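To start, the structure itself, in structure tokens.
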Amino acid sequence: MTTPLRSETLPVREASDILLVRQLVREWATALGFSVFDQTKLVTAASELGRNTLIHGGGGTMLLESVVKNDRRGLRLTFEDKGPGIADLEQAMTDGFTTKGGMGLGLGGSKRLVNEFEVVSRVGEGTRVTVTRWT
């Protein structure tokens, strides 16, 4: 069972919030002892998912949690919005697919940067993406 040790919620409502998301994730990852390489992976995933929350979901929140499972420490990020949801999740996970003119690497690219990845999306209700990276 994964146990949260500490948590903080950050709004993702405007472009400047993405910078705060990146900064906070890096600070927490550093404090948990992640290597620079793993910090970069987490910050990149957070940036992509934060941008998706803002652009596709119309804004939302990021829940940041330091977690422990057995003897492993990790960082779990949950991005949630109340936007239109994702009609075709399989297609959205495909590299190159985009609805807003971006590079189409957000979801699939983020999944490759973390150890655990989960998306729950309902059309007309919103999307929640939860990712975890372990030290």
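Letters for chains follow the order of the structure tokens (A, B, ...), residue numbers begin at 1 for each chain, and ligand numbers begin at 1 in the order shown.
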
Surrounding residues of stretch 74-82 of chain A excluding itself and chain neighbours under 2 positions, 8 Å, only C-alpha atoms, as a compact mmCIF listing (two decimals) with all heavy atoms, in the first residue's frame:
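Full text of selection_20.txt as output:
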# COMPACT_ATOMS: atom_id res chain seq x y z
N TRP A 28 10.69 19.41 -4.25
CA TRP A 28 10.31 18.18 -3.54
C TRP A 28 11.18 17.01 -3.97
O TRP A 28 11.60 16.20 -3.15
CB TRP A 28 8.83 17.88 -3.76
CG TRP A 28 7.90 18.68 -2.92
CD1 TRP A 28 7.96 20.03 -2.68
CD2 TRP A 28 6.78 18.21 -2.20
NE1 TRP A 28 6.93 20.40 -1.87
CE2 TRP A 28 6.19 19.31 -1.56
CE3 TRP A 28 6.20 16.96 -2.06
CZ2 TRP A 28 5.05 19.19 -0.77
CZ3 TRP A 28 5.06 16.84 -1.28
CH2 TRP A 28 4.50 17.95 -0.64
N ALA A 29 11.44 16.89 -5.27
CA ALA A 29 12.26 15.79 -5.78
C ALA A 29 13.68 15.88 -5.22
O ALA A 29 14.27 14.86 -4.85
CB ALA A 29 12.28 15.82 -7.31
N LEU A 32 13.70 14.77 -1.62
CA LEU A 32 13.52 13.33 -1.48
C LEU A 32 14.74 12.54 -1.95
O LEU A 32 14.77 11.31 -1.83
CB LEU A 32 12.28 12.86 -2.25
CG LEU A 32 10.95 13.23 -1.61
CD1 LEU A 32 9.80 12.97 -2.56
CD2 LEU A 32 10.76 12.42 -0.32
N ALA A 46 5.65 16.83 -15.20
CA ALA A 46 4.77 17.80 -14.54
C ALA A 46 4.44 18.97 -15.45
O ALA A 46 3.31 19.45 -15.49
CB ALA A 46 5.43 18.30 -13.25
N LEU A 49 1.95 17.71 -18.17
CA LEU A 49 0.62 17.45 -17.61
C LEU A 49 -0.05 18.73 -17.12
O LEU A 49 -1.26 18.90 -17.26
CB LEU A 49 0.72 16.41 -16.50
CG LEU A 49 1.17 15.03 -16.96
CD1 LEU A 49 1.43 14.12 -15.77
CD2 LEU A 49 0.18 14.42 -17.93
N GLY A 50 0.74 19.64 -16.58
CA GLY A 50 0.21 20.94 -16.18
C GLY A 50 -0.32 21.72 -17.37
O GLY A 50 -1.39 22.32 -17.32
N THR A 53 -3.55 20.23 -18.44
CA THR A 53 -4.61 20.64 -17.52
C THR A 53 -5.12 22.04 -17.87
O THR A 53 -6.32 22.29 -17.88
CB THR A 53 -4.10 20.60 -16.06
OG1 THR A 53 -3.70 19.26 -15.75
CG2 THR A 53 -5.15 21.08 -15.08
N GLY A 57 -8.02 21.19 -20.35
CA GLY A 57 -9.02 21.07 -19.29
C GLY A 57 -9.56 22.39 -18.79
O GLY A 57 -10.43 22.42 -17.93
N GLY A 58 -9.00 23.50 -19.29
CA GLY A 58 -9.46 24.82 -18.86
C GLY A 58 -8.97 25.21 -17.47
O GLY A 58 -9.48 26.14 -16.87
N GLY A 59 -7.98 24.49 -16.97
CA GLY A 59 -7.43 24.77 -15.63
C GLY A 59 -7.91 23.74 -14.63
O GLY A 59 -8.86 23.01 -14.86
N GLY A 60 -7.18 23.68 -13.53
CA GLY A 60 -7.52 22.71 -12.50
C GLY A 60 -6.54 22.80 -11.36
O GLY A 60 -6.13 23.89 -10.97
N THR A 61 -6.11 21.64 -10.87
CA THR A 61 -5.18 21.59 -9.74
C THR A 61 -4.13 20.52 -9.94
O THR A 61 -4.31 19.58 -10.72
CB THR A 61 -5.92 21.27 -8.42
OG1 THR A 61 -6.56 20.01 -8.55
CG2 THR A 61 -6.91 22.35 -8.04
N MET A 62 -3.03 20.67 -9.19
CA MET A 62 -2.03 19.62 -9.07
C MET A 62 -1.90 19.30 -7.59
O MET A 62 -1.67 20.19 -6.77
CB MET A 62 -0.66 20.05 -9.59
CG MET A 62 0.39 18.94 -9.37
SD MET A 62 2.11 19.42 -9.63
CE MET A 62 2.41 20.45 -8.21
N LEU A 63 -2.05 18.03 -7.26
CA LEU A 63 -1.80 17.55 -5.90
C LEU A 63 -0.43 16.89 -5.93
O LEU A 63 -0.18 15.99 -6.73
CB LEU A 63 -2.87 16.55 -5.47
CG LEU A 63 -2.62 15.82 -4.15
CD1 LEU A 63 -2.60 16.82 -2.98
CD2 LEU A 63 -3.67 14.75 -3.93
N LEU A 64 0.46 17.36 -5.08
CA LEU A 64 1.82 16.84 -4.98
C LEU A 64 1.93 16.10 -3.66
O LEU A 64 1.56 16.65 -2.62
CB LEU A 64 2.79 18.03 -5.03
CG LEU A 64 4.27 17.79 -4.93
CD1 LEU A 64 4.77 16.93 -6.08
CD2 LEU A 64 5.00 19.13 -4.97
N GLU A 65 2.40 14.84 -3.72
CA GLU A 65 2.50 14.04 -2.50
C GLU A 65 3.83 13.31 -2.44
O GLU A 65 4.23 12.69 -3.43
CB GLU A 65 1.40 12.98 -2.45
CG GLU A 65 -0.01 13.52 -2.46
CD GLU A 65 -1.03 12.42 -2.62
OE1 GLU A 65 -1.15 11.90 -3.75
OE2 GLU A 65 -1.69 12.08 -1.63
N SER A 66 4.50 13.38 -1.30
CA SER A 66 5.62 12.48 -1.07
C SER A 66 4.99 11.22 -0.51
O SER A 66 4.12 11.27 0.37
CB SER A 66 6.64 13.09 -0.12
OG SER A 66 6.09 13.33 1.14
N VAL A 67 5.39 10.07 -1.05
CA VAL A 67 4.76 8.80 -0.68
C VAL A 67 5.83 7.77 -0.35
O VAL A 67 6.99 7.89 -0.74
CB VAL A 67 3.85 8.28 -1.82
CG1 VAL A 67 2.64 9.19 -2.01
CG2 VAL A 67 4.61 8.13 -3.12
N VAL A 68 5.40 6.75 0.39
CA VAL A 68 6.27 5.63 0.71
C VAL A 68 5.50 4.34 0.48
O VAL A 68 4.29 4.27 0.72
CB VAL A 68 6.82 5.72 2.16
CG1 VAL A 68 5.69 5.61 3.18
CG2 VAL A 68 7.89 4.70 2.42
N ARG A 72 10.43 2.06 -0.29
CA ARG A 72 10.68 2.99 -1.39
C ARG A 72 10.01 4.33 -1.12
O ARG A 72 8.89 4.40 -0.62
CB ARG A 72 10.13 2.42 -2.69
CG ARG A 72 10.77 1.11 -3.08
CD ARG A 72 10.08 0.48 -4.24
NE ARG A 72 10.41 1.19 -5.46
CZ ARG A 72 9.77 1.03 -6.60
NH1 ARG A 72 8.75 0.21 -6.68
NH2 ARG A 72 10.14 1.70 -7.67
N PRO A 84 -13.61 19.18 -20.65
CA PRO A 84 -14.47 18.36 -21.51
C PRO A 84 -14.18 16.86 -21.44
O PRO A 84 -14.97 16.07 -21.94
CB PRO A 84 -14.19 18.91 -22.91
CG PRO A 84 -12.81 19.47 -22.82
CD PRO A 84 -12.69 20.01 -21.41
N GLY A 85 -13.07 16.47 -20.84
CA GLY A 85 -12.71 15.06 -20.81
C GLY A 85 -12.07 14.63 -22.12
O GLY A 85 -11.97 15.39 -23.07
N GLY A 124 -17.31 15.30 -20.65
CA GLY A 124 -18.23 16.23 -20.02
C GLY A 124 -18.00 16.42 -18.53
O GLY A 124 -18.64 17.25 -17.91
N GLU A 125 -17.07 15.66 -17.94
CA GLU A 125 -16.83 15.75 -16.50
C GLU A 125 -15.41 16.14 -16.13
O GLU A 125 -15.17 16.72 -15.09
CB GLU A 125 -17.17 14.41 -15.83
CG GLU A 125 -18.64 14.07 -15.91
CD GLU A 125 -18.95 12.75 -15.23
OE1 GLU A 125 -18.19 12.33 -14.33
OE2 GLU A 125 -19.96 12.13 -15.60
N GLY A 126 -14.43 15.77 -16.97
CA GLY A 126 -13.05 16.13 -16.67
C GLY A 126 -12.09 14.96 -16.69
O GLY A 126 -12.47 13.84 -17.02
N THR A 127 -10.87 15.27 -16.33
CA THR A 127 -9.78 14.30 -16.41
C THR A 127 -8.91 14.38 -15.17
O THR A 127 -8.66 15.46 -14.65
CB THR A 127 -8.91 14.58 -17.67
OG1 THR A 127 -9.76 14.51 -18.82
CG2 THR A 127 -7.77 13.61 -17.80
N ARG A 128 -8.45 13.20 -14.73
CA ARG A 128 -7.48 13.12 -13.64
C ARG A 128 -6.33 12.23 -14.10
O ARG A 128 -6.55 11.09 -14.50
CB ARG A 128 -8.11 12.54 -12.38
CG ARG A 128 -7.14 12.49 -11.20
CD ARG A 128 -7.76 11.95 -9.92
NE ARG A 128 -8.11 10.55 -10.06
CZ ARG A 128 -9.34 10.06 -10.02
NH1 ARG A 128 -10.38 10.84 -9.83
NH2 ARG A 128 -9.56 8.76 -10.15
N VAL A 129 -5.11 12.78 -14.05
CA VAL A 129 -3.92 12.02 -14.41
C VAL A 129 -3.05 11.93 -13.17
O VAL A 129 -2.70 12.96 -12.56
CB VAL A 129 -3.12 12.68 -15.55
CG1 VAL A 129 -1.89 11.87 -15.91
CG2 VAL A 129 -4.00 12.90 -16.78
N THR A 130 -2.69 10.71 -12.78
CA THR A 130 -1.85 10.49 -11.61
C THR A 130 -0.59 9.78 -12.03
O THR A 130 -0.66 8.74 -12.71
CB THR A 130 -2.59 9.65 -10.54
OG1 THR A 130 -3.81 10.32 -10.20
CG2 THR A 130 -1.75 9.49 -9.28
N VAL A 131 0.55 10.34 -11.67
CA VAL A 131 1.85 9.73 -12.01
C VAL A 131 2.68 9.63 -10.73
O VAL A 131 2.56 10.45 -9.83
CB VAL A 131 2.61 10.54 -13.08
CG1 VAL A 131 1.82 10.61 -14.37
CG2 VAL A 131 2.96 11.94 -12.61
N THR A 132 3.52 8.60 -10.68
CA THR A 132 4.42 8.42 -9.56
C THR A 132 5.78 8.03 -10.09
O THR A 132 5.90 7.23 -11.03
CB THR A 132 3.92 7.30 -8.61
OG1 THR A 132 2.57 7.58 -8.23
CG2 THR A 132 4.79 7.21 -7.36
N ARG A 133 6.80 8.58 -9.48
CA ARG A 133 8.19 8.18 -9.76
C ARG A 133 8.83 7.83 -8.43
O ARG A 133 8.65 8.52 -7.44
CB ARG A 133 8.96 9.31 -10.43
CG ARG A 133 10.38 8.85 -10.77
CD ARG A 133 10.79 9.23 -12.17
NE ARG A 133 12.08 8.64 -12.44
CZ ARG A 133 12.27 7.67 -13.31
NH1 ARG A 133 11.28 7.21 -14.02
NH2 ARG A 133 13.47 7.17 -13.51
N TRP A 134 9.55 6.70 -8.42
CA TRP A 134 10.18 6.20 -7.20
C TRP A 134 11.68 6.47 -7.23
O TRP A 134 12.29 6.44 -8.29
CB TRP A 134 9.93 4.69 -7.05
CG TRP A 134 8.47 4.37 -6.95
CD1 TRP A 134 7.65 3.92 -7.95
CD2 TRP A 134 7.65 4.51 -5.79
NE1 TRP A 134 6.36 3.77 -7.48
CE2 TRP A 134 6.34 4.12 -6.15
CE3 TRP A 134 7.89 4.92 -4.48
CZ2 TRP A 134 5.28 4.13 -5.26
CZ3 TRP A 134 6.83 4.93 -3.59
CH2 TRP A 134 5.55 4.54 -3.98
N THR A 135 12.27 6.72 -6.04
CA THR A 135 13.72 6.94 -5.95
C THR A 135 14.43 5.63 -6.12
O THR A 135 13.86 4.56 -5.98
CB THR A 135 14.13 7.55 -4.60
OG1 THR A 135 13.66 6.72 -3.55
CG2 THR A 135 13.62 8.96 -4.44

Checklist line | Separation of atom CA of A:Arg13 from atom CA of A:Val123, in Å and rounded to one decimal | finding: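 Those two atoms sit 20.3 Å apart.
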
Notebook entry, point to check: So which bits of chain A end up helix (DSSP H, G or I) when you DSSP the backbone, as JSON, numbers by chain?
Noted result: {"A": [15, 16, 17, 18, 19, 20, 21, 22, 23, 24, 25, 26, 27, 28, 29, 30, 31, 36, 37, 38, 39, 40, 41, 42, 43, 44, 45, 46, 47, 48, 49, 50, 51, 52, 53, 54, 55, 89, 90, 91, 92, 106, 107, 108, 109, 110, 111, 112, 113]}

For the residues selected in the previous step, produce a file with C-alpha atoms as a PDB file, in the first residue's frame.
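So the final result, stored in selection13.pdb, reads:
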ATOM      1  CA  ALA A  15       0.519  29.958 -17.721  1.00  0.00           C
ATOM      2  CA  SER A  16       2.552  31.302 -14.792  1.00  0.00           C
ATOM      3  CA  ASP A  17       1.226  28.452 -12.634  1.00  0.00           C
ATOM      4  CA  ILE A  18       3.166  25.987 -14.815  1.00  0.00           C
ATOM      5  CA  LEU A  19       6.398  27.630 -13.657  1.00  0.00           C
ATOM      6  CA  LEU A  20       5.314  27.209 -10.032  1.00  0.00           C
ATOM      7  CA  VAL A  21       4.428  23.559 -10.687  1.00  0.00           C
ATOM      8  CA  ARG A  22       7.887  22.942 -12.163  1.00  0.00           C
ATOM      9  CA  GLN A  23       9.630  24.727  -9.292  1.00  0.00           C
ATOM     10  CA  LEU A  24       7.702  22.898  -6.575  1.00  0.00           C
ATOM     11  CA  VAL A  25       8.199  19.473  -8.172  1.00  0.00           C
ATOM     12  CA  ARG A  26      11.947  20.101  -8.466  1.00  0.00           C
ATOM     13  CA  GLU A  27      12.157  21.252  -4.822  1.00  0.00           C
ATOM     14  CA  TRP A  28      10.313  18.185  -3.542  1.00  0.00           C
ATOM     15  CA  ALA A  29      12.260  15.795  -5.784  1.00  0.00           C
ATOM     16  CA  THR A  30      15.540  17.288  -4.563  1.00  0.00           C
ATOM     17  CA  ALA A  31      14.458  16.991  -0.922  1.00  0.00           C
ATOM     18  CA  VAL A  36      19.287  15.177 -11.269  1.00  0.00           C
ATOM     19  CA  PHE A  37      18.312  12.849 -14.121  1.00  0.00           C
ATOM     20  CA  ASP A  38      15.147  11.693 -12.297  1.00  0.00           C
ATOM     21  CA  GLN A  39      14.347  15.252 -11.199  1.00  0.00           C
ATOM     22  CA  THR A  40      14.421  16.293 -14.850  1.00  0.00           C
ATOM     23  CA  LYS A  41      12.061  13.466 -15.817  1.00  0.00           C
ATOM     24  CA  LEU A  42       9.592  14.457 -13.092  1.00  0.00           C
ATOM     25  CA  VAL A  43       9.737  18.166 -13.883  1.00  0.00           C
ATOM     26  CA  THR A  44       9.243  17.456 -17.589  1.00  0.00           C
ATOM     27  CA  ALA A  45       6.239  15.208 -16.919  1.00  0.00           C
ATOM     28  CA  ALA A  46       4.773  17.801 -14.535  1.00  0.00           C
ATOM     29  CA  SER A  47       5.228  20.545 -17.100  1.00  0.00           C
ATOM     30  CA  GLU A  48       3.487  18.540 -19.838  1.00  0.00           C
ATOM     31  CA  LEU A  49       0.622  17.451 -17.611  1.00  0.00           C
ATOM     32  CA  GLY A  50       0.207  20.937 -16.177  1.00  0.00           C
ATOM     33  CA  ARG A  51       0.021  22.356 -19.682  1.00  0.00           C
ATOM     34  CA  ASN A  52      -2.596  19.750 -20.619  1.00  0.00           C
ATOM     35  CA  THR A  53      -4.615  20.639 -17.519  1.00  0.00           C
ATOM     36  CA  LEU A  54      -4.531  24.304 -18.494  1.00  0.00           C
ATOM     37  CA  ILE A  55      -4.972  24.090 -22.273  1.00  0.00           C
ATOM     38  CA  LEU A  89      -8.025   7.951 -24.533  1.00  0.00           C
ATOM     39  CA  GLU A  90      -6.174   5.425 -26.703  1.00  0.00           C
ATOM     40  CA  GLN A  91      -5.845   7.982 -29.481  1.00  0.00           C
ATOM     41  CA  ALA A  92      -4.826  10.710 -27.002  1.00  0.00           C
ATOM     42  CA  GLY A 106       2.091  15.200 -23.571  1.00  0.00           C
ATOM     43  CA  LEU A 107       0.343  12.074 -22.282  1.00  0.00           C
ATOM     44  CA  GLY A 108       2.454   9.400 -23.960  1.00  0.00           C
ATOM     45  CA  GLY A 109       5.680  11.262 -23.267  1.00  0.00           C
ATOM     46  CA  SER A 110       4.745  11.782 -19.625  1.00  0.00           C
ATOM     47  CA  LYS A 111       3.964   8.091 -19.236  1.00  0.00           C
ATOM     48  CA  ARG A 112       7.476   7.191 -20.390  1.00  0.00           C
ATOM     49  CA  LEU A 113       9.037   9.531 -17.807  1.00  0.00           C
TER      50      LEU A 113
END

Note to self: Residues of stretch 6-113 of chain A classed as strand (DSSP E) by DSSP on the backbone are to be reported as a list in words.
What the structure shows: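 Put together, the selection reads Arg6, Ser7, Glu8, Thr9, Leu10, Pro11, Val12, Gly60, Thr61, Met62, Leu63, Leu64, Glu65, Ser66, Val67, Val68, Lys69, Arg72, Arg73, Gly74, Leu75, Arg76, Leu77, Thr78, Phe79, Glu80 and Asp81 of chain A.
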
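One distance worth recording is that between atom CA of A:Thr3 and atom CA of A:Arg122, which is 26.7 Å.
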